[in-house]
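Student: The file below is start20.txt, compact mmCIF, C-alpha atoms and all ligand atoms:
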```txt
# COMPACT_ATOMS: atom_id res chain seq x y z
CA MET A 1 -33.42 4.87 12.94
CA ASP A 2 -36.17 2.26 12.92
CA VAL A 3 -37.23 0.16 9.91
CA ASP A 4 -39.26 -2.97 9.30
CA VAL A 5 -36.29 -4.95 7.98
CA ILE A 6 -32.54 -4.49 8.29
CA ILE A 7 -30.60 -6.21 5.51
CA VAL A 8 -26.89 -6.88 5.97
CA GLY A 9 -25.12 -6.98 2.59
CA ALA A 10 -25.85 -5.24 -0.72
CA GLY A 11 -25.03 -8.01 -3.17
CA ILE A 12 -27.64 -9.32 -5.62
CA ALA A 13 -29.42 -11.26 -2.86
CA GLY A 14 -29.59 -8.41 -0.35
CA LEU A 15 -30.74 -5.89 -2.96
CA THR A 16 -33.31 -8.28 -4.47
CA THR A 17 -34.75 -8.99 -1.04
CA ALA A 18 -34.88 -5.24 -0.39
CA ALA A 19 -36.65 -4.58 -3.70
CA LEU A 20 -39.26 -7.26 -3.01
CA LEU A 21 -39.94 -5.97 0.50
CA VAL A 22 -40.14 -2.35 -0.67
CA ASP A 23 -42.69 -3.46 -3.31
CA THR A 24 -45.01 -4.56 -0.49
CA GLY A 25 -44.67 -1.27 1.37
CA LEU A 26 -42.19 -2.40 4.04
CA THR A 27 -39.34 -0.09 5.05
CA VAL A 28 -35.80 -1.45 4.73
CA MET A 29 -32.24 -0.42 5.44
CA VAL A 30 -29.44 -2.22 3.62
CA LEU A 31 -26.11 -1.98 5.44
CA GLU A 32 -23.09 -2.70 3.25
CA ALA A 33 -19.49 -2.94 4.40
CA ALA A 34 -17.91 -2.03 1.06
CA ALA A 35 -17.80 1.42 -0.53
CA ARG A 36 -20.15 0.26 -3.30
CA PRO A 37 -23.14 -2.04 -3.62
CA GLY A 38 -22.77 -5.24 -5.69
CA GLY A 39 -20.79 -7.63 -3.50
CA ARG A 40 -19.14 -10.25 -5.71
CA VAL A 41 -20.54 -8.40 -8.75
CA LYS A 42 -17.97 -5.77 -9.67
CA SER A 43 -17.13 -3.87 -12.86
CA LEU A 44 -13.77 -2.74 -14.13
CA ARG A 45 -14.60 0.84 -15.16
CA ASP A 46 -12.90 3.49 -17.30
CA SER A 47 -11.99 6.95 -16.00
CA ASP A 48 -15.57 8.10 -16.73
CA ALA A 49 -16.93 5.22 -14.60
CA ARG A 50 -18.27 3.38 -17.65
CA HIS A 51 -18.39 -0.42 -17.41
CA LEU A 52 -15.53 -2.04 -19.33
CA SER A 53 -15.47 -5.58 -18.02
CA ASP A 54 -16.34 -7.91 -15.13
CA LEU A 55 -14.12 -8.56 -12.13
CA GLY A 56 -16.64 -10.93 -10.54
CA PRO A 57 -19.17 -13.15 -12.33
CA SER A 58 -19.54 -13.05 -16.12
CA TRP A 59 -21.74 -15.93 -17.17
CA VAL A 60 -25.38 -16.91 -16.89
CA TRP A 61 -27.22 -19.90 -18.34
CA PRO A 62 -30.78 -18.66 -18.95
CA PRO A 63 -31.99 -21.82 -20.76
CA TYR A 64 -31.26 -23.83 -17.60
CA GLN A 65 -31.93 -21.11 -15.01
CA PRO A 66 -35.63 -20.16 -15.04
CA ILE A 67 -35.43 -17.99 -11.91
CA LEU A 68 -32.56 -16.03 -13.40
CA ALA A 69 -34.34 -15.77 -16.78
CA ASP A 70 -37.39 -14.38 -14.99
CA TRP A 71 -35.31 -11.73 -13.17
CA LEU A 72 -33.51 -10.71 -16.38
CA GLU A 73 -36.94 -9.98 -17.82
CA ARG A 74 -38.23 -8.22 -14.70
CA LEU A 75 -35.16 -6.01 -14.57
CA GLY A 76 -35.12 -5.37 -18.33
CA VAL A 77 -31.59 -6.72 -18.75
CA ASP A 78 -30.52 -8.45 -22.01
CA THR A 79 -27.96 -11.17 -22.66
CA PHE A 80 -25.77 -12.18 -25.58
CA ALA A 81 -23.90 -15.36 -26.50
CA GLN A 82 -20.42 -16.01 -25.06
CA PHE A 83 -17.93 -15.75 -27.96
CA GLU A 84 -16.35 -19.15 -28.55
CA GLU A 85 -15.63 -19.34 -32.29
CA GLY A 86 -12.16 -20.42 -33.41
CA GLU A 87 -9.28 -22.37 -32.00
CA ALA A 88 -8.33 -22.60 -28.34
CA PHE A 89 -4.84 -23.09 -26.91
CA ILE A 90 -4.14 -26.02 -24.63
CA GLU A 91 -0.88 -25.48 -22.75
CA MET A 92 0.45 -28.76 -21.37
CA ALA A 93 2.72 -29.05 -18.35
CA GLY A 94 5.57 -30.30 -20.55
CA ARG A 95 5.38 -26.96 -22.44
CA GLN A 96 3.79 -28.58 -25.49
CA THR A 97 0.92 -26.41 -26.76
CA LEU A 98 -2.01 -27.74 -28.78
CA GLN A 99 -4.35 -25.60 -30.88
CA ARG A 100 -7.83 -26.90 -31.50
CA GLU A 101 -11.49 -26.03 -31.49
CA LEU A 102 -13.22 -26.94 -28.25
CA PRO A 103 -16.90 -27.87 -28.05
CA PRO A 104 -19.10 -24.83 -27.27
CA GLN A 105 -20.48 -24.57 -23.75
CA SER A 106 -24.23 -25.14 -23.87
CA GLY A 107 -26.51 -22.23 -22.91
CA ILE A 108 -23.72 -19.97 -21.68
CA ARG A 109 -24.50 -16.26 -22.07
CA ARG A 110 -23.24 -12.86 -20.97
CA ILE A 111 -25.18 -9.93 -19.59
CA GLU A 112 -25.34 -6.67 -21.59
CA GLY A 113 -23.39 -4.13 -19.53
CA GLY A 114 -22.11 -6.92 -17.27
CA PRO A 115 -23.80 -8.25 -14.11
CA SER A 116 -23.46 -4.71 -12.71
CA ALA A 117 -26.50 -3.95 -14.91
CA LEU A 118 -28.48 -6.17 -12.51
CA ILE A 119 -27.24 -4.16 -9.53
CA ASP A 120 -28.09 -0.84 -11.24
CA ALA A 121 -31.59 -2.09 -12.10
CA LEU A 122 -32.19 -3.35 -8.54
CA LEU A 123 -31.01 -0.05 -7.03
CA LEU A 124 -33.68 1.77 -9.05
CA ARG A 125 -36.29 -0.19 -7.09
CA ILE A 126 -34.99 0.79 -3.65
CA PRO A 127 -35.01 4.32 -2.18
CA ASP A 128 -31.48 5.81 -2.34
CA HIS A 129 -31.35 6.50 1.39
CA ALA A 130 -32.11 2.83 2.16
CA VAL A 131 -28.71 1.55 0.94
CA VAL A 132 -25.89 2.64 3.21
CA CYS A 133 -22.36 1.71 2.13
CA LYS A 134 -19.08 1.80 4.09
CA THR A 135 -21.05 0.41 7.04
CA PRO A 136 -19.68 -2.92 8.25
CA VAL A 137 -21.97 -4.64 10.72
CA ARG A 138 -20.08 -6.21 13.61
CA ARG A 139 -22.73 -7.02 16.23
CA ILE A 140 -26.38 -8.05 15.96
CA THR A 141 -28.43 -7.92 19.14
CA GLN A 142 -31.88 -9.41 19.51
CA ILE A 143 -34.13 -7.02 21.41
CA GLU A 144 -37.77 -7.21 22.33
CA GLY A 145 -39.78 -7.15 19.10
CA GLY A 146 -36.79 -7.13 16.78
CA VAL A 147 -33.06 -6.66 16.32
CA GLU A 148 -30.62 -3.85 16.94
CA ILE A 149 -27.38 -2.94 15.21
CA GLY A 150 -25.06 -0.33 16.64
CA LEU A 151 -23.26 1.78 14.05
CA GLU A 152 -20.48 4.31 14.58
CA ASP A 153 -22.82 7.19 15.42
CA ASP A 154 -26.27 5.65 15.24
CA VAL A 155 -28.33 2.64 16.25
CA VAL A 156 -30.59 0.93 13.72
CA THR A 157 -33.49 -1.18 14.91
CA GLY A 158 -35.62 -3.43 12.77
CA ARG A 159 -38.46 -5.83 13.44
CA ARG A 160 -36.65 -8.43 11.37
CA LEU A 161 -33.20 -8.98 9.85
CA VAL A 162 -32.00 -10.49 6.58
CA MET A 163 -28.43 -11.71 6.71
CA ALA A 164 -27.29 -11.34 3.09
CA ALA A 165 -23.53 -11.59 3.73
CA PRO A 166 -21.57 -14.76 2.88
CA LEU A 167 -22.43 -17.38 5.50
CA ARG A 168 -18.91 -17.92 6.82
CA VAL A 169 -18.41 -14.16 7.17
CA ALA A 170 -21.78 -13.92 8.94
CA ALA A 171 -20.90 -16.79 11.26
CA GLU A 172 -17.97 -14.77 12.62
CA LEU A 173 -20.09 -11.76 13.63
CA ASP A 174 -20.95 -11.02 17.26
CA TRP A 175 -24.51 -12.39 17.57
CA ARG A 176 -26.25 -11.63 20.86
CA PRO A 177 -27.40 -14.06 21.99
CA ALA A 178 -25.23 -16.51 20.06
CA LEU A 179 -26.96 -18.35 17.22
CA PRO A 180 -27.78 -22.01 17.92
CA ASP A 181 -24.76 -24.31 17.51
CA GLY A 182 -26.36 -26.31 14.68
CA LEU A 183 -27.01 -23.15 12.68
CA THR A 184 -23.51 -21.77 13.22
CA ALA A 185 -22.03 -25.12 12.20
CA ALA A 186 -24.09 -25.13 8.97
CA MET A 187 -22.93 -21.59 8.19
CA HIS A 188 -19.27 -22.50 8.70
CA ALA A 189 -19.69 -25.66 6.62
CA THR A 190 -21.01 -23.81 3.58
CA PRO A 191 -18.22 -22.49 1.35
CA THR A 192 -18.67 -19.18 -0.46
CA TRP A 193 -18.46 -19.84 -4.18
CA MET A 194 -15.31 -18.38 -5.77
CA ALA A 195 -14.40 -16.57 -2.54
CA ALA A 196 -10.71 -17.45 -2.79
CA GLN A 197 -10.43 -16.84 -6.56
CA ALA A 198 -8.50 -14.07 -8.27
CA LYS A 199 -9.71 -12.91 -11.67
CA ALA A 200 -7.50 -11.08 -14.17
CA VAL A 201 -8.96 -8.92 -16.93
CA ALA A 202 -7.12 -7.30 -19.84
CA VAL A 203 -8.91 -4.79 -22.08
CA TYR A 204 -7.79 -4.01 -25.66
CA GLU A 205 -8.61 -1.63 -28.52
CA THR A 206 -9.85 -4.58 -30.63
CA PRO A 207 -10.44 -8.33 -30.15
CA PHE A 208 -7.37 -8.99 -32.33
CA TRP A 209 -7.33 -12.72 -31.45
CA ARG A 210 -10.67 -13.17 -33.22
CA GLU A 211 -9.15 -11.80 -36.44
CA GLN A 212 -6.46 -14.50 -36.16
CA GLY A 213 -9.10 -17.23 -35.87
CA PHE A 214 -8.76 -17.72 -32.11
CA SER A 215 -11.63 -18.00 -29.65
CA GLY A 216 -9.66 -16.38 -26.83
CA ARG A 217 -9.81 -19.60 -24.83
CA ILE A 218 -6.73 -21.05 -23.15
CA ALA A 219 -6.67 -24.13 -20.93
CA SER A 220 -3.30 -24.12 -19.23
CA GLN A 221 -1.30 -26.34 -16.92
CA ILE A 222 1.50 -23.74 -16.98
CA GLY A 223 -0.34 -20.58 -15.95
CA PRO A 224 -0.42 -18.21 -14.29
CA LEU A 225 -4.00 -18.34 -15.65
CA GLY A 226 -5.51 -21.83 -15.59
CA GLU A 227 -8.29 -20.90 -18.00
CA VAL A 228 -8.79 -17.88 -20.22
CA HIS A 229 -11.86 -16.71 -22.15
CA ASP A 230 -13.00 -13.89 -24.39
CA LEU A 231 -14.74 -11.29 -22.21
CA SER A 232 -15.51 -8.74 -24.91
CA GLY A 233 -18.81 -6.92 -25.02
CA ASP A 234 -21.44 -7.76 -27.60
CA ASP A 235 -20.01 -7.25 -31.14
CA GLY A 236 -16.50 -7.34 -29.67
CA ALA A 237 -16.47 -3.96 -27.87
CA PRO A 238 -14.99 -3.28 -25.42
CA ALA A 239 -12.52 -6.06 -26.31
CA ALA A 240 -11.27 -8.09 -23.35
CA LEU A 241 -9.77 -11.36 -22.19
CA PHE A 242 -10.08 -12.75 -18.69
CA GLY A 243 -8.67 -15.65 -16.73
CA PHE A 244 -8.65 -17.24 -13.31
CA VAL A 245 -5.30 -17.06 -11.55
CA GLY A 246 -3.86 -20.47 -10.72
CA TRP A 247 -1.02 -19.22 -8.52
CA PRO A 248 -1.18 -19.92 -4.77
CA LEU A 249 -2.28 -17.04 -2.53
CA GLU A 250 1.20 -16.02 -1.32
CA MET A 251 2.54 -15.73 -4.88
CA ARG A 252 -0.35 -13.47 -5.93
CA GLU A 253 0.81 -10.76 -3.53
CA ASP A 254 3.44 -9.60 -6.05
CA GLU A 255 0.90 -8.07 -8.43
CA ASP A 256 3.53 -6.56 -10.76
CA LEU A 257 5.13 -9.95 -11.33
CA LEU A 258 1.73 -11.59 -11.77
CA THR A 259 0.67 -8.96 -14.34
CA GLU A 260 3.93 -9.44 -16.24
CA GLU A 261 3.48 -13.23 -16.31
CA ILE A 262 -0.16 -12.96 -17.40
CA LEU A 263 0.75 -10.70 -20.31
CA TYR A 264 3.55 -13.09 -21.22
CA GLN A 265 1.04 -15.97 -21.23
CA PHE A 266 -1.34 -13.99 -23.48
CA ALA A 267 1.54 -13.02 -25.78
CA ARG A 268 2.83 -16.58 -26.15
CA CYS A 269 -0.64 -17.65 -27.37
CA PHE A 270 -2.00 -14.60 -29.19
CA GLY A 271 1.19 -12.74 -30.17
CA GLU A 272 2.78 -9.46 -29.07
CA ASP A 273 -0.42 -7.41 -29.55
CA ALA A 274 -1.60 -9.04 -26.33
CA GLU A 275 0.85 -6.88 -24.36
CA ASP A 276 -0.85 -3.65 -25.57
CA THR A 277 -3.69 -3.42 -23.09
CA THR A 278 -5.74 -0.26 -22.58
CA HIS A 279 -6.70 -1.41 -19.06
CA MET A 280 -5.61 -4.31 -16.90
CA ALA A 281 -6.89 -5.38 -13.48
CA ILE A 282 -6.55 -8.27 -11.07
CA GLU A 283 -9.30 -8.67 -8.48
CA ASP A 284 -8.16 -10.95 -5.67
CA TRP A 285 -11.38 -11.90 -3.88
CA ALA A 286 -9.40 -13.84 -1.28
CA ALA A 287 -8.15 -10.50 0.06
CA ASN A 288 -11.70 -9.24 0.75
CA PRO A 289 -12.58 -9.97 4.40
CA PHE A 290 -16.30 -9.38 3.72
CA ILE A 291 -16.36 -12.17 1.12
CA CYS A 292 -13.57 -14.62 1.99
CA THR A 293 -12.68 -16.17 5.36
CA GLU A 294 -9.54 -18.00 6.45
CA THR A 295 -11.39 -21.30 5.93
CA ASP A 296 -12.20 -20.36 2.31
CA ARG A 297 -8.55 -19.44 1.79
CA THR A 298 -7.17 -22.70 3.13
CA GLU A 299 -9.59 -25.43 2.04
CA THR A 300 -9.75 -26.93 -1.46
CA PRO A 301 -12.56 -25.19 -3.39
CA ARG A 302 -15.70 -27.36 -3.76
CA HIS A 303 -18.55 -27.07 -6.19
CA PRO A 304 -21.58 -25.63 -4.41
CA GLU A 305 -24.13 -28.14 -3.17
CA VAL A 306 -27.64 -27.44 -1.96
CA ALA A 307 -27.23 -26.13 1.59
CA PRO A 308 -29.18 -27.73 4.46
CA ASP A 309 -32.77 -26.56 5.09
CA ILE A 310 -31.77 -24.92 8.38
CA LEU A 311 -30.24 -22.09 6.32
CA ARG A 312 -33.54 -21.42 4.54
CA GLU A 313 -35.56 -21.39 7.75
CA ALA A 314 -36.33 -18.38 9.94
CA HIS A 315 -34.54 -18.20 13.32
CA ALA A 316 -34.86 -16.28 16.59
CA ASP A 317 -38.68 -16.49 16.66
CA GLY A 318 -38.89 -15.57 12.98
CA ARG A 319 -36.70 -12.49 13.35
CA ILE A 320 -33.68 -13.61 11.31
CA VAL A 321 -33.50 -15.12 7.81
CA PHE A 322 -30.61 -15.68 5.41
CA ALA A 323 -30.42 -14.55 1.78
CA VAL A 324 -27.15 -15.19 0.00
CA ALA A 325 -26.41 -17.17 -3.17
CA GLU A 326 -25.18 -20.24 -1.25
CA VAL A 327 -28.60 -20.60 0.41
CA GLY A 328 -30.47 -20.84 -2.91
CA GLU A 329 -31.88 -24.28 -3.68
CA ASN A 330 -31.51 -23.56 -7.39
CA SER A 331 -27.99 -22.86 -8.67
CA PRO A 332 -26.49 -22.46 -5.17
CA GLY A 333 -23.48 -20.14 -5.19
CA LEU A 334 -24.41 -18.62 -8.55
CA ILE A 335 -26.29 -15.47 -9.54
CA GLU A 336 -29.46 -17.50 -9.91
CA GLY A 337 -28.93 -18.85 -6.38
CA ALA A 338 -28.81 -15.26 -5.09
CA PHE A 339 -32.17 -14.43 -6.73
CA ASP A 340 -33.67 -17.70 -5.47
CA ALA A 341 -32.49 -17.14 -1.89
CA ALA A 342 -33.83 -13.57 -1.98
CA GLN A 343 -37.26 -14.67 -3.18
CA VAL A 344 -37.53 -17.27 -0.41
CA ALA A 345 -36.34 -14.84 2.30
CA ALA A 346 -38.68 -12.09 1.12
CA ALA A 347 -41.66 -14.47 0.93
CA THR A 348 -40.95 -15.71 4.49
CA LEU A 349 -40.83 -12.16 5.85
CA ILE A 350 -43.84 -10.90 3.91
CA GLU A 351 -45.89 -13.77 5.33
CA ALA A 352 -44.60 -13.07 8.84
CA PHE A 353 -45.49 -9.37 8.61
CA ALA A 354 -48.95 -10.30 7.32
CA LEU A 355 -49.45 -12.59 10.33
CA ASP A 356 -48.23 -9.80 12.64
CA ALA A 357 -50.75 -7.43 11.09
CA GLU A 358 -53.57 -9.95 11.56
CA ALA A 359 -52.58 -10.29 15.19
CA GLY A 360 -52.35 -6.51 15.56
CA LEU A 361 -48.62 -6.66 16.33
CA GLY A 362 -46.04 -4.05 15.38
CA GLU A 363 -48.53 -1.19 15.17
CA ASP A 364 -47.88 1.96 17.15
C1 LIG B 1 -14.55 -14.33 -9.57
C2 LIG B 1 -15.99 -14.77 -9.51
C3 LIG B 1 -16.58 -15.33 -10.62
C4 LIG B 1 -17.90 -15.75 -10.56
N1 LIG B 1 -18.48 -16.25 -11.71
C5 LIG B 1 -19.82 -16.49 -11.74
C6 LIG B 1 -20.49 -16.75 -12.96
O1 LIG B 1 -19.87 -16.73 -14.04
N2 LIG B 1 -21.82 -16.99 -12.93
C7 LIG B 1 -22.53 -16.97 -11.76
O2 LIG B 1 -23.76 -17.20 -11.79
N3 LIG B 1 -21.92 -16.69 -10.57
C8 LIG B 1 -20.59 -16.45 -10.54
N4 LIG B 1 -19.99 -16.08 -9.36
C9 LIG B 1 -20.79 -16.07 -8.13
C10 LIG B 1 -21.66 -14.80 -8.02
O3 LIG B 1 -20.84 -13.68 -8.07
C11 LIG B 1 -22.44 -14.85 -6.71
O4 LIG B 1 -23.31 -15.95 -6.72
C12 LIG B 1 -23.31 -13.62 -6.42
O5 LIG B 1 -22.73 -12.42 -6.84
C13 LIG B 1 -23.58 -13.63 -4.92
O6 LIG B 1 -24.43 -12.56 -4.57
P1 LIG B 1 -24.91 -12.46 -3.05
O7 LIG B 1 -25.71 -11.22 -2.94
O8 LIG B 1 -25.54 -13.73 -2.65
O9 LIG B 1 -23.57 -12.34 -2.18
P2 LIG B 1 -22.39 -11.30 -2.26
O10 LIG B 1 -22.26 -10.74 -3.62
O11 LIG B 1 -21.21 -11.99 -1.67
O12 LIG B 1 -22.85 -10.11 -1.32
C14 LIG B 1 -22.66 -10.12 0.07
C15 LIG B 1 -22.44 -8.68 0.52
O13 LIG B 1 -22.37 -8.66 1.96
C16 LIG B 1 -21.42 -7.67 2.32
N5 LIG B 1 -21.01 -7.92 3.71
C17 LIG B 1 -20.30 -8.96 4.20
N6 LIG B 1 -20.11 -8.84 5.52
C18 LIG B 1 -20.74 -7.70 5.89
C19 LIG B 1 -20.89 -7.02 7.12
N7 LIG B 1 -20.37 -7.50 8.26
N8 LIG B 1 -21.56 -5.84 7.16
C20 LIG B 1 -22.11 -5.32 6.01
N9 LIG B 1 -21.98 -5.92 4.79
C21 LIG B 1 -21.30 -7.10 4.73
C22 LIG B 1 -20.31 -7.86 1.31
O14 LIG B 1 -19.45 -6.75 1.24
C23 LIG B 1 -21.14 -8.07 0.03
O15 LIG B 1 -21.40 -6.85 -0.61
C24 LIG B 1 -18.65 -15.65 -9.37
C25 LIG B 1 -18.05 -15.08 -8.24
C26 LIG B 1 -16.74 -14.63 -8.31
C27 LIG B 1 -16.10 -14.00 -7.09
```
Can you present the structure in this file as structure tokens?

Tutor:
Amino acid sequence: MDVDVIIVGAGIAGLTTAALLVDTGLTVMVLEAAARPGGRVKSLRDSDARHLSDLGPSWVWPPYQPILADWLERLGVDTFAQFEEGEAFIEMAGRQTLQRELPPQSGIRRIEGGPSALIDALLLRIPDHAVVCKTPVRRITQIEGGVEIGLEDDVVTGRRLVMAAPLRVAAELDWRPALPDGLTAAMHATPTWMAAQAKAVAVYETPFWREQGFSGRIASQIGPLGEVHDLSGDDGAPAALFGFVGWPLEMREDEDLLTEEILYQFARCFGEDAEDTTHMAIEDWAANPFICTETDRTETPRHPEVAPDILREAHADGRIVFAVAEVGENSPGLIEGAFDAAQVAAATLIEAFALDAEAGLGED
């Protein structure tokens, strides 16, 4: 199999890069380790595979994120306001609980159908056969005129490669020859946003907390969820609450106990109805080796900063570029960062292919 560009990783950044390259007539192959495209974007689905809620990102800030706002429009995806009306619970370490309205979060919005709607819209722009799941890339070999990736029963060659996997995961692959030390160091030094987080989602028949005058927000020093928010769809359906798990990694392994404690936390704030979920899920991203590395698991999470320029430059004589949210100069680590990184990577490659064509390279 031979394509113009091999893309490793089918998250927002990998798929956006693919869509932009396909638009210009280039051939791509997106190799994805997981059984589904989306990466950190993941839906909790019902038995008919309909989206119920988000197990990865939930929020966007279109007023402050012009690149994201542009892509929402291009992909025909709508947003609605995050529900925040009513009182929040503040659970203090000494077991005292306060109830009060918290100031609304400026510009915060949710995506109709969840961020998976972005993935579905991007997939429509890429030929089906060009996205290959359950295909973890382990080794990347530079060959004359391109790169080569050996799969279980095939070899894929491409003139160029987009690395759209989290940087620390990518740094641990078998690169032949090895990437320059400075580049590898920059990859290791860039944390993957939310990689070590676990997100819990509980779905209900109705958003009963709203009827009681509660916003669904909890800020807790007791846990197990450190913060909780309303994650219902527009107009309250499907009704859902979500929170980030504050327990250390080892304690999360007992999922039954964690579920029990989460429902107990919901019930002590919102009453016994909170134990009557229709669906409940905990997504522990720290357990996903294609998102989270040992370094992500052990270091204190940091807010994303703009990564060094070396990660936005082309390497190996222009053959290799990176496109993952943490590389984006705008909103690094966030959905907008993924779109930004993809645009930059695609523009770099499109220019390189145009120069090749001018020079008569790459033509049979
Ligand atoms: C719990 C959680 C909450 C979040 N909340 C928000 C939020 O509210 N708002 C926001 O803007 N952002 C949020 N984020 C961040 C957001 O999800 C990411 O910015 C975005 O999804 C990253 O997309 P990406 O394509 O850059 O990378 P990823 O989604 O990480 O995609 C990388 C892909 O590469 C694949 N891969 C890795 N290694 C290999 C390999 N060797 N071979 C083949 N494939 C490989 C992975 O399986 C994955 O599919 C959140 C993230 C999490 C986990």

Student: If we count all atoms listed in the file, what is near Asp356 (chain A) at a cut-off of 12 Å, once residues fewer than 2 positions away on the same chain are taken out, given as a ChimeraX atom specification?

Tutor: /A:4,145,159-160,318-319,349-354,358-363

Student: For those residues, write C-alpha atoms to a file as a PDB file, keeping the file's coordinate frame.

Tutor:
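What landed in again.pdb:
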```pdb
ATOM      1  CA  ASP A   4     -39.260  -2.970   9.300  1.00  0.00           C
ATOM      2  CA  GLY A 145     -39.780  -7.150  19.100  1.00  0.00           C
ATOM      3  CA  ARG A 159     -38.460  -5.830  13.440  1.00  0.00           C
ATOM      4  CA  ARG A 160     -36.650  -8.430  11.370  1.00  0.00           C
ATOM      5  CA  GLY A 318     -38.890 -15.570  12.980  1.00  0.00           C
ATOM      6  CA  ARG A 319     -36.700 -12.490  13.350  1.00  0.00           C
ATOM      7  CA  LEU A 349     -40.830 -12.160   5.850  1.00  0.00           C
ATOM      8  CA  ILE A 350     -43.840 -10.900   3.910  1.00  0.00           C
ATOM      9  CA  GLU A 351     -45.890 -13.770   5.330  1.00  0.00           C
ATOM     10  CA  ALA A 352     -44.600 -13.070   8.840  1.00  0.00           C
ATOM     11  CA  PHE A 353     -45.490  -9.370   8.610  1.00  0.00           C
ATOM     12  CA  ALA A 354     -48.950 -10.300   7.320  1.00  0.00           C
ATOM     13  CA  GLU A 358     -53.570  -9.950  11.560  1.00  0.00           C
ATOM     14  CA  ALA A 359     -52.580 -10.290  15.190  1.00  0.00           C
ATOM     15  CA  GLY A 360     -52.350  -6.510  15.560  1.00  0.00           C
ATOM     16  CA  LEU A 361     -48.620  -6.660  16.330  1.00  0.00           C
ATOM     17  CA  GLY A 362     -46.040  -4.050  15.380  1.00  0.00           C
ATOM     18  CA  GLU A 363     -48.530  -1.190  15.170  1.00  0.00           C
TER      19      GLU A 363
END
```

Student: Pick from A:Met92, A:Ala346, A:Ala117, A:Leu55: nearest to Ala198 (chain A), with only C-alpha atoms counted?

Tutor: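 Nearest candidate to Ala198 (chain A) out of A:Met92, A:Ala346, A:Ala117, A:Leu55: A:Leu55.
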
Student: Which residue out of A:His51, A:His303, A:Lys134, A:Arg217 has the minimum interatomic distance to ligand LIG 1 (chain B) when only C-alpha atoms and all ligand atoms are used?

Tutor: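 Of A:His51, A:His303, A:Lys134, A:Arg217, the one nearest ligand LIG 1 (chain B), counting only C-alpha atoms and all ligand atoms, is A:Lys134.
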
Student: Kindly work out which residues sit at most 7 Å from ligand LIG 1 (chain B), using all atoms listed in the file, and give the list as a PyMOL selection string.

Tutor: chain A and resi 8-14+31-34+37-41+55-60+135-138+164-166+169-170+173+193-195+197-199+285+290-291+323-326+333-338

Student: Between CA of Asp276 (chain A) and CA of Ile222 (chain A), what is the distance, to one decimal in Å?

Tutor: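 These two atoms are separated by 22.0 Å.
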
Student: Find the residues with any atom within 8 Å of (-18.5, -12.0, -24.2); use all atoms listed in the file and the coordinates as given in the file, and write the answer as a list of chain:residue names.

Tutor: A:Phe80, A:Ala81, A:Gln82, A:Phe83, A:Arg109, A:Arg110, A:Asp230, A:Leu231, A:Ser232, A:Gly233, A:Asp234, A:Gly236

Student: Between CA of Gly246 (chain A) and CA of Glu172 (chain A), what is the distance, to one decimal in Å?

Tutor: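 One can read the CA of Gly246 (chain A) to CA of Glu172 (chain A) distance as 27.9 Å.
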
Student: Which one of A:Tyr64, A:Val3, A:Ser220, A:Asp181 sits closest to Gly94 (chain A) if you count only C-alpha atoms?

Tutor: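 Ranking A:Tyr64, A:Val3, A:Ser220, A:Asp181 by distance to Gly94 (chain A), first place goes to A:Ser220.
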
Student: Counting all atoms listed in the file, what is within 7 Å of region 251-265 of chain A, bar same-chain residues fewer than 3 positions away, as an NGL selection string?

Tutor: :A and (224-225 or 247-248 or 268-269 or 274-275)

Student: Measuring atom to atom with only C-alpha atoms, identify which of A:Asp174, A:Glu87, A:Asp120, A:Asp54 is nearest to Ser215 (chain A).

Tutor: A:Glu87

Student: Do a neighbour search on Val5 (chain A) at 8 Å with all atoms listed in the file, toss out local chain neighbours closer than 2 positions, and write the hits as a VMD selection string.

Tutor: chain A and resid 3 7 26 to 29 158 to 162

Student: Could those residues be written to a file, using C-alpha atoms, as a PDB file, keeping the file's coordinate frame?

Tutor:
```pdb
ATOM      1  CA  VAL A   3     -37.230   0.160   9.910  1.00  0.00           C
ATOM      2  CA  ILE A   7     -30.600  -6.210   5.510  1.00  0.00           C
ATOM      3  CA  LEU A  26     -42.190  -2.400   4.040  1.00  0.00           C
ATOM      4  CA  THR A  27     -39.340  -0.090   5.050  1.00  0.00           C
ATOM      5  CA  VAL A  28     -35.800  -1.450   4.730  1.00  0.00           C
ATOM      6  CA  MET A  29     -32.240  -0.420   5.440  1.00  0.00           C
ATOM      7  CA  GLY A 158     -35.620  -3.430  12.770  1.00  0.00           C
ATOM      8  CA  ARG A 159     -38.460  -5.830  13.440  1.00  0.00           C
ATOM      9  CA  ARG A 160     -36.650  -8.430  11.370  1.00  0.00           C
ATOM     10  CA  LEU A 161     -33.200  -8.980   9.850  1.00  0.00           C
ATOM     11  CA  VAL A 162     -32.000 -10.490   6.580  1.00  0.00           C
TER      12      VAL A 162
END
```

Student: Just the number, please: distance in Å from CA of Arg168 (chain A) to CA of Met187 (chain A), one decimal.

Tutor: 5.6 Å

Student: When you count all atoms listed in the file, which of these residues is closest to Trp71 (chain A): A:Thr300, A:Ser116, A:Thr277, A:Thr16?

Tutor: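 When distances to Trp71 (chain A) are compared using all atoms listed in the file, the smallest one comes from A:Thr16.
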
Student: Using all atoms listed in the file, which residue out of A:Phe214, A:Arg139, A:His229, A:Ala49 lies closest to Gln105 (chain A)?

Tutor: A:His229

Student: Take the point (-9.9, -28.8, -20.2) in the file's coordinates, draw a sphere of radius 9 Å around it, and report as a PyMOL selection string every protein, DNA or RNA residue with an atom inside or on it, counting only C-alpha atoms.

Tutor: chain A and resi 90+102+218-220+227

Student: Return as JSON the centre and edge lengths, in Å with one decimal, of the box along x, y and z that encloses every atom of region 151-159 of chain A in the file, padded by 4 Å per side.

Tutor:
```
{"center_x": -29.5, "center_y": 0.7, "center_z": 14.5, "size_x": 26.0, "size_y": 21.0, "size_z": 11.5}
```
